[in-house]
>>> print(open('target12.txt').read())   # compact mmCIF, C-alpha atoms and all ligand atoms
# COMPACT_ATOMS: atom_id res chain seq x y z
CA MET A 1143 -8.38 14.22 -31.47
CA GLU A 1144 -7.78 10.65 -30.37
CA LYS A 1145 -9.42 7.57 -31.91
CA PHE A 1146 -9.83 3.92 -30.97
CA TYR A 1147 -7.92 1.50 -33.14
CA CYS A 1148 -7.57 -2.26 -33.20
CA PRO A 1149 -4.03 -3.61 -33.21
CA GLU A 1150 -5.25 -6.95 -34.59
CA CYS A 1151 -7.25 -5.90 -37.66
CA ASP A 1152 -6.35 -2.20 -38.10
CA ARG A 1153 -9.96 -0.96 -37.94
CA SER A 1154 -10.43 2.38 -36.25
CA TYR A 1155 -13.45 3.97 -34.57
CA SER A 1156 -14.27 7.43 -33.39
CA LEU A 1157 -14.53 7.83 -29.64
CA ASN A 1158 -17.85 7.02 -28.05
CA THR A 1159 -19.13 5.77 -24.72
CA THR A 1160 -20.64 2.44 -25.77
CA ARG A 1161 -17.89 0.73 -27.73
CA TRP A 1162 -15.48 -1.29 -25.60
CA ARG A 1163 -14.15 -3.80 -28.11
CA CYS A 1164 -13.46 -4.10 -31.84
CA ASP A 1165 -15.98 -5.79 -34.15
CA CYS A 1166 -13.35 -8.54 -34.48
CA GLY A 1167 -13.55 -9.11 -30.71
CA SER A 1168 -10.15 -7.66 -29.74
CA PRO A 1169 -9.53 -5.03 -27.10
CA LEU A 1170 -8.94 -1.55 -28.53
CA ASP A 1171 -5.98 0.78 -28.25
CA LEU A 1172 -5.90 4.54 -28.45
CA GLU A 1173 -4.42 6.57 -31.26
CA PHE A 1174 -2.98 9.58 -29.46
CA THR A 1175 0.16 11.70 -29.77
CA PRO A 1176 1.71 12.62 -26.41
CA GLU A 1177 4.06 15.54 -25.87
CA PHE A 1178 6.80 15.96 -23.29
CA PHE A 1179 8.10 19.32 -22.07
CA THR A 1180 10.66 18.76 -19.32
CA GLU A 1181 10.59 22.35 -18.02
CA LYS A 1182 6.82 22.21 -17.60
CA ILE A 1183 7.03 18.79 -15.95
CA LEU A 1184 9.58 20.04 -13.40
CA LYS A 1185 7.44 23.05 -12.48
CA ARG A 1186 4.33 21.03 -11.67
CA GLY A 1187 3.30 19.40 -8.38
CA PRO A 1188 4.27 15.88 -7.32
CA SER A 1189 1.55 13.85 -9.03
CA LEU A 1190 1.32 11.87 -12.24
CA TRP A 1191 -0.57 14.78 -13.81
CA ARG A 1192 2.78 16.57 -14.15
CA TYR A 1193 3.00 14.71 -17.51
CA ARG A 1194 -0.16 16.58 -18.52
CA GLU A 1195 0.57 16.87 -22.26
CA ALA A 1196 1.08 13.11 -22.48
CA ILE A 1197 -2.29 12.21 -20.93
CA PRO A 1198 -5.32 12.09 -23.25
CA ILE A 1199 -7.69 14.39 -21.34
CA ARG A 1200 -8.73 17.50 -23.23
CA LYS A 1201 -9.88 19.96 -20.59
CA ASP A 1202 -8.17 20.59 -17.26
CA GLN A 1203 -11.62 20.88 -15.62
CA SER A 1204 -12.24 17.20 -16.38
CA ILE A 1205 -9.31 16.07 -14.25
CA LEU A 1206 -10.12 14.22 -11.02
CA SER A 1207 -7.00 14.01 -8.92
CA MET A 1208 -6.14 13.11 -5.34
CA GLY A 1209 -2.48 13.99 -5.78
CA GLU A 1210 -1.70 10.42 -6.90
CA GLY A 1211 1.63 9.31 -8.35
CA LEU A 1212 5.29 10.27 -8.38
CA THR A 1213 5.89 7.44 -5.93
CA PRO A 1214 9.38 6.90 -4.48
CA LEU A 1215 11.94 4.92 -6.46
CA GLU A 1216 13.78 3.18 -3.64
CA GLU A 1217 17.17 1.58 -4.02
CA MET A 1218 17.37 -1.86 -2.41
CA GLU A 1219 19.90 -4.62 -2.36
CA PHE A 1220 18.94 -8.23 -3.00
CA ASP A 1221 21.58 -10.95 -2.72
CA GLY A 1222 24.33 -8.43 -3.44
CA HIS A 1223 22.55 -6.81 -6.42
CA ARG A 1224 21.30 -3.25 -6.52
CA VAL A 1225 17.71 -2.90 -7.73
CA LEU A 1226 15.35 0.09 -7.95
CA ILE A 1227 11.83 -0.44 -6.63
CA LYS A 1228 8.83 1.82 -7.23
CA ILE A 1229 6.79 2.00 -4.03
CA ASP A 1230 3.46 1.87 -5.82
CA TYR A 1231 1.39 0.80 -2.83
CA LEU A 1232 1.61 4.49 -1.82
CA PHE A 1233 -1.51 5.52 -3.71
CA PRO A 1234 -4.77 6.88 -2.27
CA THR A 1235 -6.53 3.50 -2.54
CA GLY A 1236 -3.47 1.38 -1.70
CA SER A 1237 -2.47 0.09 -5.12
CA TYR A 1238 -1.04 1.34 -8.41
CA LYS A 1239 -4.50 0.90 -9.99
CA ASP A 1240 -5.13 4.58 -9.15
CA ARG A 1241 -2.82 5.46 -12.06
CA GLY A 1242 -5.37 4.00 -14.43
CA ALA A 1243 -8.47 5.05 -12.50
CA THR A 1244 -7.60 8.76 -12.26
CA VAL A 1245 -7.24 8.98 -16.06
CA LEU A 1246 -10.13 6.66 -16.99
CA ILE A 1247 -12.68 8.30 -14.68
CA SER A 1248 -11.49 11.79 -15.68
CA LYS A 1249 -12.22 10.73 -19.27
CA ALA A 1250 -15.62 9.30 -18.29
CA ARG A 1251 -16.44 12.66 -16.73
CA GLU A 1252 -15.25 14.48 -19.86
CA LEU A 1253 -17.52 12.25 -21.95
CA GLY A 1254 -20.51 13.01 -19.71
CA VAL A 1255 -20.85 9.46 -18.38
CA THR A 1256 -23.10 9.16 -15.29
CA LYS A 1257 -22.74 5.47 -14.47
CA VAL A 1258 -20.09 2.78 -14.99
CA VAL A 1259 -19.58 -0.94 -14.46
CA GLU A 1260 -16.28 -2.66 -13.70
CA ASP A 1261 -15.14 -6.13 -12.67
CA SER A 1262 -11.96 -6.90 -10.78
CA SER A 1263 -10.24 -9.11 -8.26
CA GLY A 1264 -10.51 -6.14 -5.88
CA ASN A 1265 -7.90 -3.43 -6.34
CA ALA A 1266 -9.07 -2.08 -9.69
CA GLY A 1267 -12.62 -2.09 -8.32
CA SER A 1268 -11.49 -0.11 -5.27
CA ALA A 1269 -9.68 2.43 -7.44
CA ILE A 1270 -12.56 2.90 -9.91
CA ALA A 1271 -15.03 3.16 -7.01
CA ALA A 1272 -12.95 5.86 -5.27
CA TYR A 1273 -12.62 8.08 -8.34
CA CYS A 1274 -16.30 7.58 -9.22
CA ALA A 1275 -17.15 8.74 -5.70
CA ARG A 1276 -15.11 11.90 -6.29
CA ALA A 1277 -16.77 12.43 -9.67
CA GLY A 1278 -20.31 11.75 -8.47
CA ILE A 1279 -20.55 8.97 -11.07
CA GLY A 1280 -22.56 5.88 -10.11
CA CYS A 1281 -20.75 2.56 -10.23
CA ASP A 1282 -21.40 -1.16 -10.00
CA ILE A 1283 -18.32 -3.19 -9.08
CA TYR A 1284 -18.43 -6.94 -9.78
CA VAL A 1285 -16.01 -9.14 -7.83
CA PRO A 1286 -15.57 -12.89 -7.34
CA GLU A 1287 -16.79 -14.06 -3.93
CA SER A 1288 -13.25 -15.08 -2.93
CA THR A 1289 -12.04 -11.44 -2.93
CA SER A 1290 -10.23 -10.28 0.24
CA SER A 1291 -12.63 -8.65 2.69
CA GLY A 1292 -10.47 -5.51 3.03
CA LYS A 1293 -11.13 -4.73 -0.63
CA LEU A 1294 -14.87 -5.46 -0.29
CA VAL A 1295 -15.21 -3.10 2.68
CA GLN A 1296 -13.21 -0.47 0.83
CA ILE A 1297 -15.41 -0.65 -2.29
CA GLN A 1298 -18.55 -0.33 -0.14
CA THR A 1299 -17.10 2.59 1.80
CA TYR A 1300 -16.83 4.49 -1.49
CA ARG A 1301 -20.59 3.83 -1.83
CA ALA A 1302 -20.25 1.73 -4.98
CA ASN A 1303 -22.79 -1.05 -5.56
CA LEU A 1304 -20.84 -4.19 -4.78
CA LYS A 1305 -21.91 -7.23 -6.81
CA LYS A 1306 -20.41 -10.44 -5.45
CA ILE A 1307 -20.44 -13.16 -8.06
CA GLU A 1308 -20.58 -16.82 -7.08
CA GLY A 1309 -17.84 -18.33 -9.16
CA SER A 1310 -14.44 -17.50 -10.57
CA ARG A 1311 -12.83 -14.25 -11.74
CA GLU A 1312 -13.62 -15.42 -15.28
CA GLU A 1313 -17.33 -15.96 -14.48
CA THR A 1314 -17.37 -12.47 -12.91
CA ALA A 1315 -16.02 -11.00 -16.17
CA ARG A 1316 -18.74 -12.71 -18.21
CA VAL A 1317 -21.53 -11.31 -16.01
CA THR A 1318 -20.03 -7.80 -16.23
CA MET A 1319 -19.78 -7.91 -20.04
CA GLU A 1320 -23.55 -8.45 -20.12
CA ALA A 1321 -24.03 -5.38 -17.91
CA ALA A 1322 -21.61 -3.42 -20.14
CA LYS A 1323 -24.06 -3.70 -23.04
CA LYS A 1324 -26.05 -0.92 -21.38
CA THR A 1325 -23.57 0.92 -19.15
CA TYR A 1326 -20.12 2.49 -19.71
CA TYR A 1327 -17.50 -0.21 -19.21
CA ALA A 1328 -14.78 1.31 -17.00
CA SER A 1329 -12.74 -1.84 -17.39
CA HIS A 1330 -9.07 -1.81 -16.43
CA CYS A 1331 -8.53 -4.65 -18.91
CA TRP A 1332 -10.58 -3.48 -21.92
CA ASN A 1333 -10.64 0.31 -21.66
CA PRO A 1334 -7.49 1.82 -23.23
CA TYR A 1335 -7.73 4.97 -21.09
CA PHE A 1336 -6.71 2.86 -18.11
CA LEU A 1337 -3.42 1.99 -19.85
CA HIS A 1338 -2.92 5.66 -20.67
CA GLY A 1339 -2.89 6.17 -16.91
CA THR A 1340 -0.68 3.21 -15.95
CA LYS A 1341 1.83 4.38 -18.57
CA THR A 1342 2.80 7.20 -16.17
CA PHE A 1343 4.76 4.49 -14.31
CA ALA A 1344 7.24 4.72 -17.21
CA PHE A 1345 7.31 8.54 -17.23
CA GLU A 1346 8.10 8.67 -13.50
CA ILE A 1347 10.95 6.18 -13.83
CA TRP A 1348 12.30 8.14 -16.81
CA GLU A 1349 12.31 11.35 -14.74
CA GLN A 1350 13.58 9.75 -11.52
CA MET A 1351 16.47 8.10 -13.36
CA GLY A 1352 17.61 11.41 -14.83
CA TRP A 1353 15.58 11.20 -18.09
CA LYS A 1354 16.84 7.72 -18.96
CA SER A 1355 15.31 4.26 -19.24
CA PRO A 1356 16.48 1.23 -17.25
CA ASP A 1357 17.59 -2.00 -18.96
CA THR A 1358 14.92 -4.21 -17.48
CA LEU A 1359 11.48 -3.88 -15.92
CA LEU A 1360 10.36 -6.76 -13.77
CA LEU A 1361 6.61 -6.63 -13.21
CA PRO A 1362 3.67 -8.75 -12.05
CA ALA A 1363 1.50 -9.96 -14.93
CA GLY A 1364 -2.17 -10.90 -14.71
CA HIS A 1365 -4.13 -8.84 -17.22
CA GLY A 1366 -0.90 -6.91 -17.78
CA THR A 1367 -2.25 -3.44 -17.05
CA LEU A 1368 0.98 -2.30 -15.43
CA LEU A 1369 3.21 -4.20 -17.85
CA LEU A 1370 1.42 -2.90 -20.96
CA GLY A 1371 1.17 0.59 -19.48
CA ALA A 1372 4.93 0.60 -18.88
CA TYR A 1373 5.45 -0.63 -22.44
CA ILE A 1374 3.22 2.09 -23.93
CA GLY A 1375 4.90 4.76 -21.78
CA PHE A 1376 8.43 3.83 -22.82
CA ARG A 1377 7.34 3.37 -26.43
CA GLU A 1378 5.91 6.90 -26.43
CA LEU A 1379 9.14 8.25 -24.89
CA LYS A 1380 11.18 6.43 -27.51
CA GLU A 1381 9.01 7.67 -30.38
CA ALA A 1382 9.34 11.21 -29.01
CA GLY A 1383 13.14 10.76 -29.03
CA ARG A 1384 13.35 11.06 -25.22
CA VAL A 1385 14.90 7.65 -24.47
CA LYS A 1386 17.11 5.36 -26.51
CA LYS A 1387 15.39 2.08 -25.71
CA ILE A 1388 12.28 0.39 -24.36
CA PRO A 1389 13.38 -1.74 -21.38
CA ARG A 1390 13.27 -5.51 -21.51
CA LEU A 1391 9.94 -6.59 -20.00
CA VAL A 1392 9.95 -9.53 -17.60
CA GLY A 1393 6.53 -10.68 -16.40
CA ILE A 1394 6.01 -12.59 -13.15
CA GLN A 1395 3.15 -15.08 -12.71
CA SER A 1396 2.13 -17.48 -9.99
CA ALA A 1397 2.95 -21.08 -10.99
CA ALA A 1398 -0.65 -21.94 -10.03
CA CYS A 1399 -2.05 -19.63 -12.73
CA ALA A 1400 0.41 -19.01 -15.54
CA PRO A 1401 -1.23 -18.72 -18.97
CA LEU A 1402 1.28 -16.09 -20.16
CA PHE A 1403 4.18 -18.26 -19.07
CA GLN A 1404 2.69 -21.18 -21.02
CA GLY A 1405 2.12 -19.05 -24.10
CA PHE A 1406 5.63 -17.62 -23.95
CA ALA A 1407 7.37 -20.95 -23.32
CA LYS A 1408 5.47 -22.67 -26.13
CA GLY A 1409 6.03 -19.85 -28.62
CA LEU A 1410 2.28 -19.19 -29.00
CA ASP A 1411 0.69 -15.92 -30.16
CA GLU A 1412 -1.94 -16.09 -27.45
CA ALA A 1413 -2.17 -17.24 -23.86
CA PRO A 1414 -3.62 -20.78 -23.98
CA ALA A 1415 -6.50 -22.07 -21.84
CA ILE A 1416 -5.15 -23.37 -18.54
CA LEU A 1417 -6.34 -25.11 -15.41
CA LYS A 1418 -6.19 -22.56 -12.63
CA GLY A 1419 -4.94 -23.59 -9.19
CA GLU A 1420 -5.12 -21.80 -5.84
CA THR A 1421 -2.70 -18.97 -5.19
CA MET A 1422 -2.20 -16.32 -2.52
CA ALA A 1423 -1.32 -13.87 -5.31
CA GLU A 1424 -4.96 -12.98 -6.04
CA GLY A 1425 -4.06 -9.83 -8.01
CA ILE A 1426 -2.41 -11.87 -10.76
CA ALA A 1427 -4.65 -14.97 -10.64
CA ILE A 1428 -5.94 -14.28 -14.16
CA ALA A 1429 -6.62 -17.38 -16.27
CA GLU A 1430 -7.85 -15.49 -19.35
CA PRO A 1431 -5.84 -12.28 -19.83
CA VAL A 1432 -7.86 -9.98 -22.11
CA ARG A 1433 -4.75 -8.52 -23.74
CA GLY A 1434 -2.75 -11.77 -23.71
CA LYS A 1435 -1.69 -11.37 -27.35
CA GLN A 1436 -0.44 -7.83 -26.76
CA ILE A 1437 1.44 -8.83 -23.62
CA LEU A 1438 3.24 -11.68 -25.36
CA ARG A 1439 4.08 -9.41 -28.30
CA ALA A 1440 5.51 -6.69 -26.03
CA ILE A 1441 7.57 -9.19 -24.04
CA ARG A 1442 9.02 -10.76 -27.19
CA GLU A 1443 9.64 -7.44 -28.92
CA THR A 1444 11.72 -6.22 -25.95
CA GLY A 1445 13.66 -9.48 -25.55
CA GLY A 1446 11.96 -10.21 -22.23
CA GLU A 1447 10.51 -13.34 -20.71
CA VAL A 1448 7.95 -14.71 -18.23
CA LEU A 1449 8.91 -16.35 -14.93
CA THR A 1450 6.74 -18.25 -12.46
CA VAL A 1451 6.98 -18.48 -8.68
CA THR A 1452 5.63 -21.02 -6.20
CA GLU A 1453 3.51 -20.35 -3.12
CA LYS A 1454 6.49 -21.14 -0.94
CA GLU A 1455 8.64 -18.58 -2.74
CA ILE A 1456 5.85 -15.99 -2.41
CA GLY A 1457 5.72 -16.61 1.36
CA ALA A 1458 9.50 -16.27 1.72
CA ALA A 1459 9.54 -13.02 -0.27
CA PHE A 1460 6.66 -11.62 1.80
CA LYS A 1461 8.60 -12.36 4.95
CA GLU A 1462 11.78 -10.80 3.61
CA MET A 1463 10.00 -7.59 2.62
CA GLY A 1464 8.46 -7.33 6.10
CA ARG A 1465 11.96 -7.37 7.54
CA ARG A 1466 12.78 -4.43 5.27
CA GLY A 1467 9.78 -2.44 6.53
CA HIS A 1468 7.40 -3.12 3.65
CA PHE A 1469 3.99 -4.67 4.40
CA ILE A 1470 2.83 -5.73 0.93
CA GLU A 1471 0.12 -7.83 -0.66
CA PRO A 1472 1.02 -11.45 -1.41
CA THR A 1473 0.64 -10.46 -5.09
CA SER A 1474 3.51 -8.00 -4.70
CA ALA A 1475 5.52 -10.62 -2.83
CA ALA A 1476 5.21 -12.76 -5.95
CA THR A 1477 6.99 -10.01 -7.90
CA ILE A 1478 9.85 -9.96 -5.39
CA ALA A 1479 10.09 -13.76 -5.52
CA GLY A 1480 10.40 -13.48 -9.30
CA LEU A 1481 12.99 -10.72 -8.95
CA LYS A 1482 15.14 -12.93 -6.74
CA LYS A 1483 14.97 -15.69 -9.32
CA TYR A 1484 15.86 -13.30 -12.14
CA LEU A 1485 18.84 -11.87 -10.24
CA LYS A 1486 20.58 -15.25 -10.25
CA ARG A 1487 21.37 -14.65 -13.91
CA LYS A 1488 21.43 -10.87 -14.00
CA ARG A 1489 23.82 -9.37 -16.53
CA VAL A 1490 26.73 -7.27 -15.25
CA LYS A 1491 25.69 -3.61 -14.85
CA GLU A 1492 22.07 -4.40 -15.81
CA VAL A 1493 19.81 -1.71 -14.34
CA ILE A 1494 16.61 -3.31 -13.07
CA VAL A 1495 13.42 -1.59 -11.91
CA SER A 1496 10.54 -3.40 -10.22
CA SER A 1497 7.48 -2.38 -8.22
CA LEU A 1498 5.59 -3.01 -4.99
CA THR A 1499 2.07 -2.77 -6.37
CA GLY A 1500 -0.28 -3.19 -3.38
CA THR A 1501 -0.42 -2.77 0.39
CA GLY A 1502 -0.67 -5.75 2.74
CA LEU A 1503 -3.46 -4.08 4.69
CA LYS A 1504 -5.95 -5.09 2.00
CA ALA A 1505 -5.26 -8.78 2.19
CA VAL A 1506 -4.86 -9.47 5.88
CA GLU A 1507 -6.71 -12.81 5.82
CA LYS A 1508 -4.57 -14.04 2.92
CA VAL A 1509 -1.55 -13.06 4.97
CA CYS A 1510 -2.91 -14.97 7.98
CA HIS A 1511 -3.41 -17.99 5.76
CA MET A 1512 0.21 -17.68 4.62
CA GLU A 1513 1.17 -17.49 8.25
CA LYS A 1514 -0.16 -21.03 8.69
CA VAL A 1515 1.54 -22.27 5.56
CA CYS A 1516 4.82 -20.38 5.84
CA HIS A 1517 5.19 -19.50 9.57
CA LEU A 1518 5.78 -15.89 8.66
CA THR A 1519 6.24 -14.42 12.08
CA ALA A 1520 7.84 -17.44 13.79
CA THR A 1521 11.05 -16.55 15.57
CA GLN A 1522 14.16 -18.03 14.08
C1 LIG A 1601 -3.85 -5.65 -10.45
C2 LIG A 1601 -2.66 -5.97 -9.64
C3 LIG A 1601 -1.52 -6.55 -10.19
C4 LIG A 1601 -1.42 -7.06 -11.59
O1 LIG A 1601 -1.98 -6.31 -12.55
P1 LIG A 1601 -2.48 -6.88 -13.92
O2 LIG A 1601 -3.01 -5.73 -14.60
O3 LIG A 1601 -3.55 -7.91 -13.68
O4 LIG A 1601 -1.31 -7.50 -14.62
C5 LIG A 1601 -0.42 -6.70 -9.37
N1 LIG A 1601 -0.43 -6.35 -8.08
C6 LIG A 1601 -1.51 -5.81 -7.52
C7 LIG A 1601 -1.46 -5.44 -6.07
C8 LIG A 1601 -2.66 -5.60 -8.28
O5 LIG A 1601 -3.73 -5.04 -7.70
ZN ZN A 1602 -10.20 -5.68 -34.70
>>> encode(input="target12.txt", output="structure tokens", more="lines below")
Ligand SMILES: *Cc1c(COP(=O)(O)O)cnc(C)c1O
Ligand SMILES: [Zn+2]
Amino acid sequence: MEKFYCPECDRSYSLNTTRWRCDCGSPLDLEFTPEFFTEKILKRGPSLWRYREAIPIRKDQSILSMGEGLTPLEEMEFDGHRVLIKIDYLFPTGSYKDRGATVLISKARELGVTKVVEDSSGNAGSAIAAYCARAGIGCDIYVPESTSSGKLVQIQTYRANLKKIEGSREETARVTMEAAKKTYYASHCWNPYFLHGTKTFAFEIWEQMGWKSPDTLLLPAGHGTLLLGAYIGFRELKEAGRVKKIPRLVGIQSAACAPLFQGFAKGLDEAPAILKGETMAEGIAIAEPVRGKQILRAIRETGGEVLTVTEKEIGAAFKEMGRRGHFIEPTSAATIAGLKKYLKRKRVKEVIVSSLTGTGLKAVEKVCHMEKVCHLTATQ
């Protein structure tokens, strides 16, 4: 049976529905031993639940699934380099956050939870709200008032209680933590079950690459839920003797909000306090990453790094992806901008995997704003 444990002070706690952080203040991880049976995986349907024995849900009846996952791994060429891209905007709610939500809300159901709270810049809130709707679990979703209207409408369509907070993403988090004193905190940042859903990103790549790991994963980094999930997934595969190495982790941040970049560049253990500027990449505009220490540790352990991109580079990458038939969120365009930077010094034969994390349909007004700044659709 799994347990919570704290990677900072080594305390452990039995599972319960009220604890969402360690007594020392750190976010908790999960002690859990996954298993991998390739024949069973190959026989199951095309969803992330095909890695059933590696997902910490006890009873099959607890599982809430909309057939999410096993997204395409598309080969693309950028500036003469071949790169593999996971098309992770192809999820029921339009972003990869469904990986975490399907597992976390299945667990909430297994634990008998009837109501949850969550705070997000929009996509995690949409994903949690959708799976709560399926489960018949009540949910309050807290978002900063600047959130894209597509995400707000989506959250309300799933009949969640939308709580718009006047103030920043950070202020929104503080209000939600108060609410979490009384209600189950289905937080994509704090709740380790979310990461045990996002880790399926690693399992899918492993399978789609012929049961191997790539050399490098290039991923957006805000709270690091995809980056840490990928790390956990490949670490579990390595510990199970299924892959030889954990890929190098390269995190991409917007130059306007880059606490992880600062922490990495300055050799710090934690992401330092920063002044946050405006960015179109709202999904990674996180000034205070909850698992900042863990992210920096994982990046250093794998020999990775953190890169930043400017608003202009984000606009150019958005435009380029449109020409390739991909309408993505500006946040995902930031990843591609970072990829293009990274490729300038790519090693020979280095196998790189990246991801398109969210659909452009959610952030239409941000795209229109970019249009003014970057003349996206102008003929040239
Ligand atoms: C949440 C999100 C990210 C970044 O995820 P973090 O967990 O904050 O690192 C990237 N892209 C999109 C579209 C997102 O919704
Ligand atoms: Zn602790």
>>> residues_around(input="target12.txt", residues="range 1496-1513 of chain A", least_positions_apart="4", cutoff="6 Å", atoms="all atoms listed in the file", output="list in words")
Ile1227, Lys1228, Ile1229, Asp1230, Tyr1231, Gly1236, Ser1237, Tyr1238, Ser1290, Gly1292, Lys1293, Leu1359, Leu1360, Leu1361, Phe1469, Ile1470, Glu1471, Ser1474, His1517 and Leu1518 of chain A
>>> residues_around(input="target12.txt", residues="Ala1344 in chain A", least_positions_apart="6", cutoff="8 Å", atoms="all atoms listed in the file", output="list in words")
Gly1371, Ala1372, Tyr1373, Gly1375 and Phe1376 of chain A
>>> closest_residue(input="target12.txt", among="A:Thr1175, A:Thr1325, A:Gln1298, A:Thr1340", to="ligand LIG 1601 (chain A)", atoms="all atoms listed in the file")
A:Thr1340
>>> residues_around(input="target12.txt", residues="Gly1222 in chain A", least_positions_apart="6", cutoff="12 Å", atoms="all atoms listed in the file", output="ChimeraX atom specification")
/A:1482,1485-1486,1488
>>> atom_distance(input="target12.txt", atom1="CA of Arg1466 in chain A", atom2="CA of Glu1216 in chain A")
11.8 Å
>>> closest_residue(input="target12.txt", among="A:Phe1345, A:Tyr1273, A:Tyr1326, A:Phe1403", to="Ala1196 in chain A", atoms="all atoms listed in the file")
A:Phe1345
>>> residues_around(input="target12.txt", residues="Glu1260 in chain A", least_positions_apart="2", cutoff="8 Å", atoms="all atoms listed in the file", output="list of chain:residue names")
A:Val1258, A:Ser1262, A:Gly1267, A:Ile1270, A:Cys1281, A:Asp1282, A:Ile1283, A:Tyr1284, A:Thr1318, A:Tyr1327, A:Ala1328, A:Ser1329, A:His1330
>>> write_last_selection(input="target12.txt", atoms="C-alpha atoms", output="short mmCIF file (atom, residue, chain, number, x, y, z; two decimals), keeping the file's coordinate frame")
data_model
loop_
_atom_site.label_atom_id
_atom_site.label_comp_id
_atom_site.auth_asym_id
_atom_site.auth_seq_id
_atom_site.Cartn_x
_atom_site.Cartn_y
_atom_site.Cartn_z
CA VAL A 1258 -20.09 2.78 -14.99
CA SER A 1262 -11.96 -6.90 -10.78
CA GLY A 1267 -12.62 -2.09 -8.32
CA ILE A 1270 -12.56 2.90 -9.91
CA CYS A 1281 -20.75 2.56 -10.23
CA ASP A 1282 -21.40 -1.16 -10.00
CA ILE A 1283 -18.32 -3.19 -9.08
CA TYR A 1284 -18.43 -6.94 -9.78
CA THR A 1318 -20.03 -7.80 -16.23
CA TYR A 1327 -17.50 -0.21 -19.21
CA ALA A 1328 -14.78 1.31 -17.00
CA SER A 1329 -12.74 -1.84 -17.39
CA HIS A 1330 -9.07 -1.81 -16.43
#
>>> atom_distance(input="target12.txt", atom1="CA of Ala1272 in chain A", atom2="CA of Glu1177 in chain A")
28.4 Å
>>> residues_around(input="target12.txt", residues="Ala1271 in chain A", least_positions_apart="2", cutoff="7 Å", atoms="all atoms listed in the file", output="list in words")
Gly1267, Ser1268, Ala1269, Tyr1273, Cys1274, Ala1275, Cys1281, Ile1297, Tyr1300 and Ala1302 of chain A
>>> residues_near_ligand(input="target12.txt", ligand="ligand ZN 1602 (chain A)", cutoff="6 Å", atoms="all atoms listed in the file", output="number ranges by chain")
A: 1148, 1150-1151, 1153, 1164-1166, 1168
>>> residues_near_point(input="target12.txt", point="(-9.2, -15.0, -13.0)", cutoff="8 Å", atoms="all atoms listed in the file", output="number ranges by chain")
A: 1263, 1310-1312, 1426-1430
>>> decode(input="target12.txt", residues="range 1445-1476 of chain A", atoms="C-alpha atoms", output="PDB file, in the first residue's frame")
ATOM      1  CA  GLY A1445      22.637  16.968 -16.807  1.00  0.00           C
ATOM      2  CA  GLY A1446      19.900  19.237 -18.168  1.00  0.00           C
ATOM      3  CA  GLU A1447      19.395  22.978 -18.121  1.00  0.00           C
ATOM      4  CA  VAL A1448      16.803  25.773 -18.225  1.00  0.00           C
ATOM      5  CA  LEU A1449      16.359  28.092 -21.210  1.00  0.00           C
ATOM      6  CA  THR A1450      14.286  31.261 -21.526  1.00  0.00           C
ATOM      7  CA  VAL A1451      12.450  32.684 -24.523  1.00  0.00           C
ATOM      8  CA  THR A1452      11.225  36.193 -25.321  1.00  0.00           C
ATOM      9  CA  GLU A1453       7.714  37.248 -26.333  1.00  0.00           C
ATOM     10  CA  LYS A1454       8.956  37.847 -29.852  1.00  0.00           C
ATOM     11  CA  GLU A1455      10.362  34.328 -30.084  1.00  0.00           C
ATOM     12  CA  ILE A1456       7.077  32.913 -28.742  1.00  0.00           C
ATOM     13  CA  GLY A1457       5.152  34.795 -31.463  1.00  0.00           C
ATOM     14  CA  ALA A1458       7.470  33.538 -34.212  1.00  0.00           C
ATOM     15  CA  ALA A1459       7.191  29.933 -33.000  1.00  0.00           C
ATOM     16  CA  PHE A1460       3.397  30.204 -32.815  1.00  0.00           C
ATOM     17  CA  LYS A1461       3.326  31.385 -36.399  1.00  0.00           C
ATOM     18  CA  GLU A1462       5.643  28.628 -37.570  1.00  0.00           C
ATOM     19  CA  MET A1463       3.529  25.923 -35.933  1.00  0.00           C
ATOM     20  CA  GLY A1464       0.399  27.317 -37.591  1.00  0.00           C
ATOM     21  CA  ARG A1465       2.082  26.840 -40.943  1.00  0.00           C
ATOM     22  CA  ARG A1466       2.641  23.197 -39.998  1.00  0.00           C
ATOM     23  CA  GLY A1467      -1.049  22.704 -39.171  1.00  0.00           C
ATOM     24  CA  HIS A1468      -0.826  23.006 -35.392  1.00  0.00           C
ATOM     25  CA  PHE A1469      -2.972  25.627 -33.625  1.00  0.00           C
ATOM     26  CA  ILE A1470      -1.404  25.722 -30.165  1.00  0.00           C
ATOM     27  CA  GLU A1471      -1.513  27.832 -27.031  1.00  0.00           C
ATOM     28  CA  PRO A1472       1.124  30.560 -26.748  1.00  0.00           C
ATOM     29  CA  THR A1473       2.468  28.529 -23.792  1.00  0.00           C
ATOM     30  CA  SER A1474       3.207  25.642 -26.151  1.00  0.00           C
ATOM     31  CA  ALA A1475       4.726  28.052 -28.659  1.00  0.00           C
ATOM     32  CA  ALA A1476       7.181  28.997 -25.911  1.00  0.00           C
TER      33      ALA A1476
END
